[in-house]
>>> print(open('protein.txt').read())   # compact mmCIF, C-alpha atoms
# COMPACT_ATOMS: atom_id res chain seq x y z
CA MET P 188 51.00 14.30 26.49
CA GLY P 189 52.04 15.31 29.97
CA GLU P 190 48.42 15.15 31.16
CA LEU P 191 48.11 11.59 29.81
CA VAL P 192 51.24 10.48 31.66
CA ASP P 193 49.99 12.20 34.79
CA PHE P 194 46.67 10.33 34.47
CA PHE P 195 48.42 6.94 34.26
CA LEU P 196 50.57 7.80 37.28
CA ARG P 197 47.52 8.76 39.34
CA SER P 198 45.59 5.66 38.28
CA ARG P 199 48.42 3.15 38.28
CA ASN P 200 47.00 1.13 41.17
CA PHE P 201 43.57 0.81 39.56
CA ILE P 202 45.09 -0.05 36.17
CA LEU P 203 47.30 -2.71 37.79
CA PHE P 204 44.23 -4.14 39.54
CA VAL P 205 42.29 -4.39 36.25
CA LEU P 206 45.20 -6.05 34.48
CA LEU P 207 45.57 -8.62 37.27
CA GLU P 208 41.81 -9.34 37.14
CA VAL P 209 41.99 -9.93 33.39
CA LEU P 210 45.04 -12.17 33.84
CA CYS P 211 43.26 -14.21 36.52
CA PHE P 212 40.18 -14.54 34.38
CA TYR P 213 42.33 -15.75 31.49
CA PHE P 214 44.05 -18.44 33.65
CA ILE P 215 40.70 -19.62 35.07
CA ILE P 216 39.21 -20.11 31.59
CA ASN P 217 42.27 -21.87 30.19
CA THR P 218 42.91 -24.17 33.16
CA SER P 219 39.30 -25.23 33.87
CA ASN P 220 37.17 -27.03 31.31
CA TYR P 221 33.98 -26.11 33.13
CA TRP P 222 34.66 -22.38 33.20
CA GLY P 223 36.05 -22.49 29.64
CA VAL P 224 32.85 -24.06 28.30
CA THR P 225 30.71 -21.67 30.35
CA TYR P 226 32.57 -18.64 29.02
CA PHE P 227 32.36 -19.96 25.46
CA ASN P 228 28.60 -20.56 25.65
CA THR P 229 27.90 -17.24 27.35
CA SER P 230 29.99 -15.23 24.91
CA ASN P 231 28.35 -16.99 21.96
CA ARG P 232 24.89 -16.23 23.33
CA TYR P 233 25.59 -12.53 23.75
CA ALA P 234 27.35 -12.34 20.40
CA ALA P 235 24.37 -13.97 18.70
CA GLN P 236 22.00 -11.53 20.40
CA ILE P 237 24.06 -8.53 19.32
CA LEU P 238 24.22 -9.90 15.79
CA ALA P 239 20.44 -10.36 15.77
CA TRP P 240 19.95 -6.74 16.90
CA SER P 241 22.36 -5.58 14.21
CA ASN P 242 20.52 -7.54 11.50
CA ALA P 243 17.16 -6.22 12.70
CA ALA P 244 18.47 -2.66 12.55
CA ASN P 245 19.82 -3.20 9.03
CA GLN P 246 16.54 -4.71 7.87
CA TYR P 247 14.56 -1.81 9.34
CA ALA P 248 16.87 0.71 7.63
CA SER P 249 16.29 -1.02 4.28
CA LEU P 250 12.47 -1.13 4.54
CA ARG P 251 12.08 1.95 2.35
CA GLN P 252 13.92 0.31 -0.52
CA VAL P 253 12.07 -2.97 0.05
CA ASN P 254 8.71 -1.16 -0.15
CA ALA P 255 9.77 0.61 -3.33
CA ASP P 256 10.85 -2.68 -4.90
CA LEU P 257 7.56 -4.35 -3.93
CA ALA P 258 5.58 -1.44 -5.35
CA LEU P 259 7.42 -1.74 -8.66
CA GLU P 260 6.82 -5.49 -8.74
CA ASN P 261 3.11 -4.98 -7.98
CA GLN P 262 2.91 -2.46 -10.83
CA GLN P 263 4.24 -5.08 -13.25
CA LEU P 264 1.89 -7.75 -11.89
CA HIS P 265 -1.12 -5.42 -12.17
CA ALA P 266 -0.26 -4.74 -15.80
CA ARG P 267 0.07 -8.44 -16.62
CA LEU P 268 -3.11 -9.42 -14.79
CA THR P 269 -5.16 -6.65 -16.37
CA LYS P 270 -3.89 -7.53 -19.84
CA LEU P 271 -4.80 -11.19 -19.26
CA LEU P 272 -8.30 -10.31 -18.06
CA GLN P 273 -8.89 -7.88 -20.92
CA SER P 274 -7.75 -10.45 -23.48
CA LYS P 275 -10.28 -12.98 -22.14
CA PRO P 276 -13.48 -11.02 -21.48
CA ALA P 277 -16.74 -12.63 -20.41
CA ALA P 278 -18.17 -12.99 -23.92
CA PRO P 279 -19.03 -15.73 -26.44
CA ALA P 280 -16.13 -17.75 -27.78
CA GLU P 281 -16.54 -16.08 -31.18
CA TYR P 282 -15.49 -12.74 -29.71
CA GLN P 283 -11.75 -12.09 -29.72
CA ALA P 284 -10.38 -8.93 -28.11
CA ASP P 285 -7.74 -7.23 -30.23
CA SER P 286 -4.31 -6.36 -28.86
CA ALA P 287 -5.13 -2.64 -28.52
CA PHE P 288 -8.05 -3.44 -26.22
CA ALA P 289 -6.06 -5.94 -24.16
CA ASP P 290 -3.22 -3.42 -23.72
CA ARG P 291 -5.42 -0.41 -23.03
CA PHE P 292 -4.44 0.00 -19.35
CA LYS P 293 -1.00 1.24 -18.29
CA PHE P 294 0.16 1.44 -14.66
CA THR P 295 2.60 3.95 -13.16
CA VAL P 296 3.83 3.52 -9.59
CA ALA P 297 3.96 6.64 -7.39
CA LYS P 298 4.74 7.45 -3.77
CA VAL P 299 2.20 9.21 -1.53
CA VAL P 300 3.64 12.43 -0.09
CA ASN P 301 0.47 13.81 1.51
CA ASN P 302 -2.86 12.26 2.45
CA THR P 303 -5.92 13.41 4.40
CA THR P 304 -8.75 11.31 5.82
CA GLN P 305 -10.35 13.63 8.41
CA PHE P 306 -12.33 15.93 6.12
CA ALA P 307 -15.57 15.54 4.18
CA ASN P 308 -13.58 16.00 0.95
CA ASN P 309 -10.13 14.42 1.10
CA TYR P 310 -7.19 14.60 -1.29
CA ILE P 311 -3.90 12.74 -1.81
CA THR P 312 -0.66 14.11 -3.25
CA ILE P 313 1.79 11.86 -5.13
CA ASP P 314 5.33 12.43 -6.41
CA LYS P 315 4.54 11.94 -10.12
CA GLY P 316 3.27 14.56 -12.56
CA THR P 317 2.99 15.46 -16.22
CA ASP P 318 6.67 14.68 -16.81
CA ASP P 319 5.81 11.08 -15.88
CA GLY P 320 2.78 10.90 -18.17
CA ILE P 321 0.18 11.59 -15.47
CA ARG P 322 -2.94 13.47 -16.59
CA PRO P 323 -6.15 14.63 -14.86
CA GLY P 324 -8.91 12.02 -14.96
CA MET P 325 -6.66 8.97 -14.58
CA GLY P 326 -7.70 6.39 -12.01
CA VAL P 327 -5.58 5.58 -8.97
CA ILE P 328 -5.49 2.25 -7.14
CA SER P 329 -3.51 0.71 -4.29
CA PRO P 330 -2.16 -2.83 -3.94
CA THR P 331 -5.47 -3.71 -2.26
CA GLY P 332 -8.13 -1.64 -4.01
CA VAL P 333 -9.50 1.64 -5.38
CA VAL P 334 -7.96 4.93 -4.18
CA GLY P 335 -9.37 7.76 -6.32
CA LYS P 336 -8.89 9.83 -9.49
CA VAL P 337 -6.26 12.37 -10.53
CA LYS P 338 -7.63 15.92 -10.18
CA VAL P 339 -4.75 18.28 -11.09
CA CYS P 340 -1.08 17.89 -12.03
CA ASN P 341 2.09 19.88 -12.46
CA GLN P 342 5.44 18.68 -13.75
CA HIS P 343 6.42 16.64 -10.70
CA PHE P 344 3.33 16.21 -8.50
CA SER P 345 -0.34 15.30 -8.81
CA VAL P 346 -3.32 15.76 -6.50
CA ILE P 347 -5.84 12.93 -6.35
CA THR P 348 -9.49 13.16 -5.40
CA SER P 349 -9.73 10.41 -2.81
CA ILE P 350 -12.58 7.93 -2.74
CA LEU P 351 -13.07 9.51 0.72
CA HIS P 352 -14.74 12.50 -0.98
CA SER P 353 -18.41 13.43 -0.75
CA GLU P 354 -18.79 13.81 -4.53
CA PHE P 355 -16.73 10.83 -5.70
CA LEU P 356 -18.67 7.90 -7.16
CA VAL P 357 -17.36 4.53 -8.37
CA SER P 358 -19.45 2.26 -10.57
CA SER P 359 -19.22 -1.01 -8.63
CA LYS P 360 -20.52 -4.56 -8.86
CA LEU P 361 -21.39 -7.18 -6.27
CA VAL P 362 -19.45 -10.29 -7.28
CA LYS P 363 -21.92 -12.93 -6.05
CA ALA P 364 -25.16 -11.03 -6.66
CA GLY P 365 -23.97 -9.61 -9.98
CA GLU P 366 -25.76 -6.31 -9.31
CA ILE P 367 -24.26 -2.94 -10.22
CA GLY P 368 -24.46 0.18 -8.05
CA SER P 369 -22.45 3.22 -7.01
CA ALA P 370 -19.95 3.23 -4.16
CA LYS P 371 -19.92 6.56 -2.31
CA TRP P 372 -18.40 7.69 0.98
CA ASP P 373 -20.81 9.15 3.53
CA GLY P 374 -18.13 11.29 5.20
CA VAL P 375 -18.15 9.45 8.53
CA ASP P 376 -15.67 6.57 8.89
CA PRO P 377 -12.59 6.45 6.58
CA HIS P 378 -12.69 2.64 6.75
CA LEU P 379 -16.29 2.30 5.52
CA ILE P 380 -18.17 3.22 2.35
CA LYS P 381 -21.78 2.93 1.13
CA LEU P 382 -23.02 1.03 -1.91
CA ASP P 383 -26.16 2.59 -3.40
CA ALA P 384 -28.78 1.61 -5.98
CA ILE P 385 -28.92 -2.13 -5.24
CA PRO P 386 -32.63 -3.19 -5.37
CA ARG P 387 -33.96 -4.49 -2.06
CA TYR P 388 -35.51 -7.59 -3.66
CA LYS P 389 -32.03 -8.77 -4.73
CA PRO P 390 -30.35 -11.06 -2.16
CA VAL P 391 -27.06 -9.65 -0.83
CA ALA P 392 -24.72 -11.64 1.41
CA LYS P 393 -22.39 -10.25 4.06
CA GLY P 394 -18.77 -10.60 3.00
CA ASP P 395 -19.58 -10.40 -0.72
CA SER P 396 -16.80 -8.65 -2.64
CA VAL P 397 -17.55 -5.39 -4.43
CA VAL P 398 -15.35 -4.58 -7.44
CA THR P 399 -15.21 -1.92 -10.14
CA SER P 400 -17.70 -2.63 -12.92
CA GLU P 401 -17.22 -2.61 -16.67
CA PHE P 402 -19.30 0.58 -16.92
CA ASN P 403 -16.56 3.13 -16.35
CA SER P 404 -13.54 4.24 -18.32
CA THR P 405 -11.42 5.24 -15.31
CA PHE P 406 -10.63 1.91 -13.67
CA PRO P 407 -10.05 -1.56 -15.05
CA PRO P 408 -12.95 -3.85 -14.19
CA GLY P 409 -12.49 -6.16 -11.22
CA ILE P 410 -10.49 -3.82 -8.92
CA LEU P 411 -11.63 -4.41 -5.33
CA VAL P 412 -13.62 -1.58 -3.72
CA GLY P 413 -14.57 -3.35 -0.49
CA ARG P 414 -16.57 -6.15 1.09
CA VAL P 415 -20.12 -6.06 2.42
CA ARG P 416 -20.13 -5.35 6.16
CA THR P 417 -23.84 -4.79 6.89
CA VAL P 418 -27.05 -5.32 4.91
CA GLY P 419 -30.13 -3.28 5.77
CA VAL P 420 -33.22 -1.69 4.30
CA GLN P 421 -34.30 1.87 5.02
CA PRO P 422 -38.04 2.43 5.55
CA ASN P 423 -39.98 3.42 2.44
CA GLN P 424 -36.91 2.84 0.24
CA THR P 425 -36.61 0.48 -2.72
CA PHE P 426 -32.86 -0.10 -2.30
CA HIS P 427 -30.65 -1.92 0.16
CA ASP P 428 -28.73 0.07 2.75
CA LEU P 429 -25.28 -1.50 2.24
CA THR P 430 -22.11 -0.64 4.13
CA LEU P 431 -18.74 -1.92 2.91
CA ASN P 432 -15.38 -2.34 4.55
CA LEU P 433 -13.06 -0.36 2.28
CA ALA P 434 -10.38 -2.49 0.63
CA THR P 435 -7.78 0.30 0.84
CA ASN P 436 -6.45 1.33 4.24
CA PHE P 437 -5.89 5.07 3.84
CA SER P 438 -4.20 5.44 7.23
CA ASN P 439 -1.00 3.74 6.01
CA LEU P 440 -1.12 4.40 2.26
CA SER P 441 2.46 4.59 0.96
CA PHE P 442 2.47 3.65 -2.73
CA VAL P 443 -0.25 3.86 -5.38
CA TYR P 444 -0.63 2.99 -9.06
CA VAL P 445 -1.92 5.55 -11.54
CA VAL P 446 -4.00 3.84 -14.24
CA GLU P 447 -4.01 5.21 -17.77
CA ASN P 448 -6.78 4.01 -20.07
CA ARG P 449 -5.13 4.46 -23.46
CA LEU P 450 -8.49 4.17 -25.25
CA ARG P 451 -10.42 6.53 -22.97
CA ALA P 452 -10.11 9.63 -25.19
CA GLU P 453 -11.42 7.67 -28.16
CA GLN P 454 -14.36 6.33 -26.13
CA ASP P 455 -15.21 9.74 -24.63
CA GLN P 456 -15.07 11.44 -28.01
CA LEU P 457 -17.52 8.98 -29.52
CA GLU P 458 -19.92 9.18 -26.56
CA LYS P 459 -19.88 13.01 -26.64
CA GLN P 460 -20.62 12.90 -30.36
CA VAL P 461 -23.73 10.83 -29.66
CA GLU P 462 -24.81 13.26 -26.92
CA THR P 463 -24.53 16.26 -29.23
CA GLU P 464 -26.66 14.52 -31.87
CA LYS P 465 -29.56 13.91 -29.51
>>> encode(input="protein.txt", output="structure tokens")
Amino acid sequence: MGELVDFFLRSRNFILFVLLEVLCFYFIINTSNYWGVTYFNTSNRYAAQILAWSNAANQYASLRQVNADLALENQQLHARLTKLLQSKPAAPAEYQADSAFADRFKFTVAKVVNNTTQFANNYITIDKGTDDGIRPGMGVISPTGVVGKVKVCNQHFSVITSILHSEFLVSSKLVKAGEIGSAKWDGVDPHLIKLDAIPRYKPVAKGDSVVTSEFNSTFPPGILVGRVRTVGVQPNQTFHDLTLNLATNFSNLSFVYVVENRLRAEQDQLEKQVETEK
């Protein structure tokens, strides 16, 4: 306490000066309309700027929750859209899909906790495991396209074989051309992927969308894989040399959706039975 009093005694002249300055400033503002309006406008401008900075900081701090909410909403929208598409397949009017078929795909949202893109064989780790109903073999998509397939799981985490893997193939279809091939990464650019087995005599347009085909049990049909970037033909080959821009940007992948095909086990069992009888 004594040190505080001693400080005021030593600084009494400076403190008196500051108080007189504040008093003068007060009288100037209150006795002059011009300076009063100027002070009011200036203070409002700085207050508004500080408030804008504060709001921006609060919005940035809440981005994690906003992303989580958007991911959950996208999960629900994916489920509804897939159910609608499965209930109205491209078939004659006499065909009616039953409710089990229309509801065969279930989506579970998960957060990416690890992701590689620099290797020939890349993997992704998510924060959902067997306790959340995740099983090996399930497909994984992003809000924009195909991501990969679940490889292994434990109770709380799962590792996904990324589409950026030298041995990962996706049965894919050109939307305009209607041709079906296999999308496979060539291990070079994590933003590009190849589409194989499209006959060279079939016309292919740049920008054509490539989506998952009906000929796989991992992904729902119609999930975007990429769009045609270049169209070429290799010498002495009967197929197009097609390069696609990948639909999923793996450099900023935050949330994914694990896709469960509820009828996959039944389909696989029947197909294996046929194979064993050959």
>>> closest_residue(input="protein.txt", among="P:Pro422, P:Gly332, P:Gly316, P:Gly394", to="Thr295 of chain P", atoms="all atoms listed in the file")
P:Gly316
>>> closest_residue(input="protein.txt", among="P:Ser349, P:Thr331, P:Thr399, P:Asn200", to="Leu361 of chain P", atoms="only C-alpha atoms")
P:Thr399
>>> residues_around(input="protein.txt", residues="Ile367 of chain P", least_positions_apart="5", cutoff="12 Å", atoms="only C-alpha atoms", output="PyMOL selection string")
chain P and resi 357-362+382-386+389+391+397-403
>>> residues_around(input="protein.txt", residues="segment 300-310 of chain P", least_positions_apart="2", cutoff="6 Å", atoms="only C-alpha atoms", output="PyMOL selection string")
chain P and resi 312-313+347-349+351-353+374
>>> atom_distance(input="protein.txt", atom1="atom CA of Ile380 of chain P", atom2="atom CA of Asp395 of chain P")
14.0 Å
>>> atom_distance(input="protein.txt", atom1="atom CA of Lys338 of chain P", atom2="atom CA of Arg291 of chain P")
20.9 Å
>>> closest_residue(input="protein.txt", among="P:Val334, P:Leu450, P:Val346, P:Leu457", to="Asn436 of chain P", atoms="only C-alpha atoms")
P:Val334
>>> atom_distance(input="protein.txt", atom1="atom CA of Asp290 of chain P", atom2="atom CA of Phe406 of chain P")
13.6 Å
>>> residues_near_point(input="protein.txt", point="(-33.8, -3.6, -1.7)", cutoff="9 Å", atoms="all atoms listed in the file", output="list in words")
Ala384, Ile385, Pro386, Arg387, Tyr388, Lys389, Pro390, Gly419, Val420, Gln421, Gln424, Thr425, Phe426, His427 and Asp428 of chain P
>>> closest_residue(input="protein.txt", among="P:Phe437, P:Pro377, P:Thr317, P:Phe442", to="Ala258 of chain P", atoms="only C-alpha atoms")
P:Phe442
>>> closest_residue(input="protein.txt", among="P:Thr463, P:Asn423, P:Ser441, P:Thr405", to="Val327 of chain P", atoms="all atoms listed in the file")
P:Thr405
>>> closest_residue(input="protein.txt", among="P:Leu257, P:Val333, P:Leu433, P:Leu203", to="Val296 of chain P", atoms="all atoms listed in the file")
P:Leu257
>>> residues_around(input="protein.txt", residues="Gly320 of chain P", least_positions_apart="6", cutoff="10 Å", atoms="all atoms listed in the file", output="list of chain:residue names")
P:Thr295, P:Gln342, P:Val445, P:Glu447
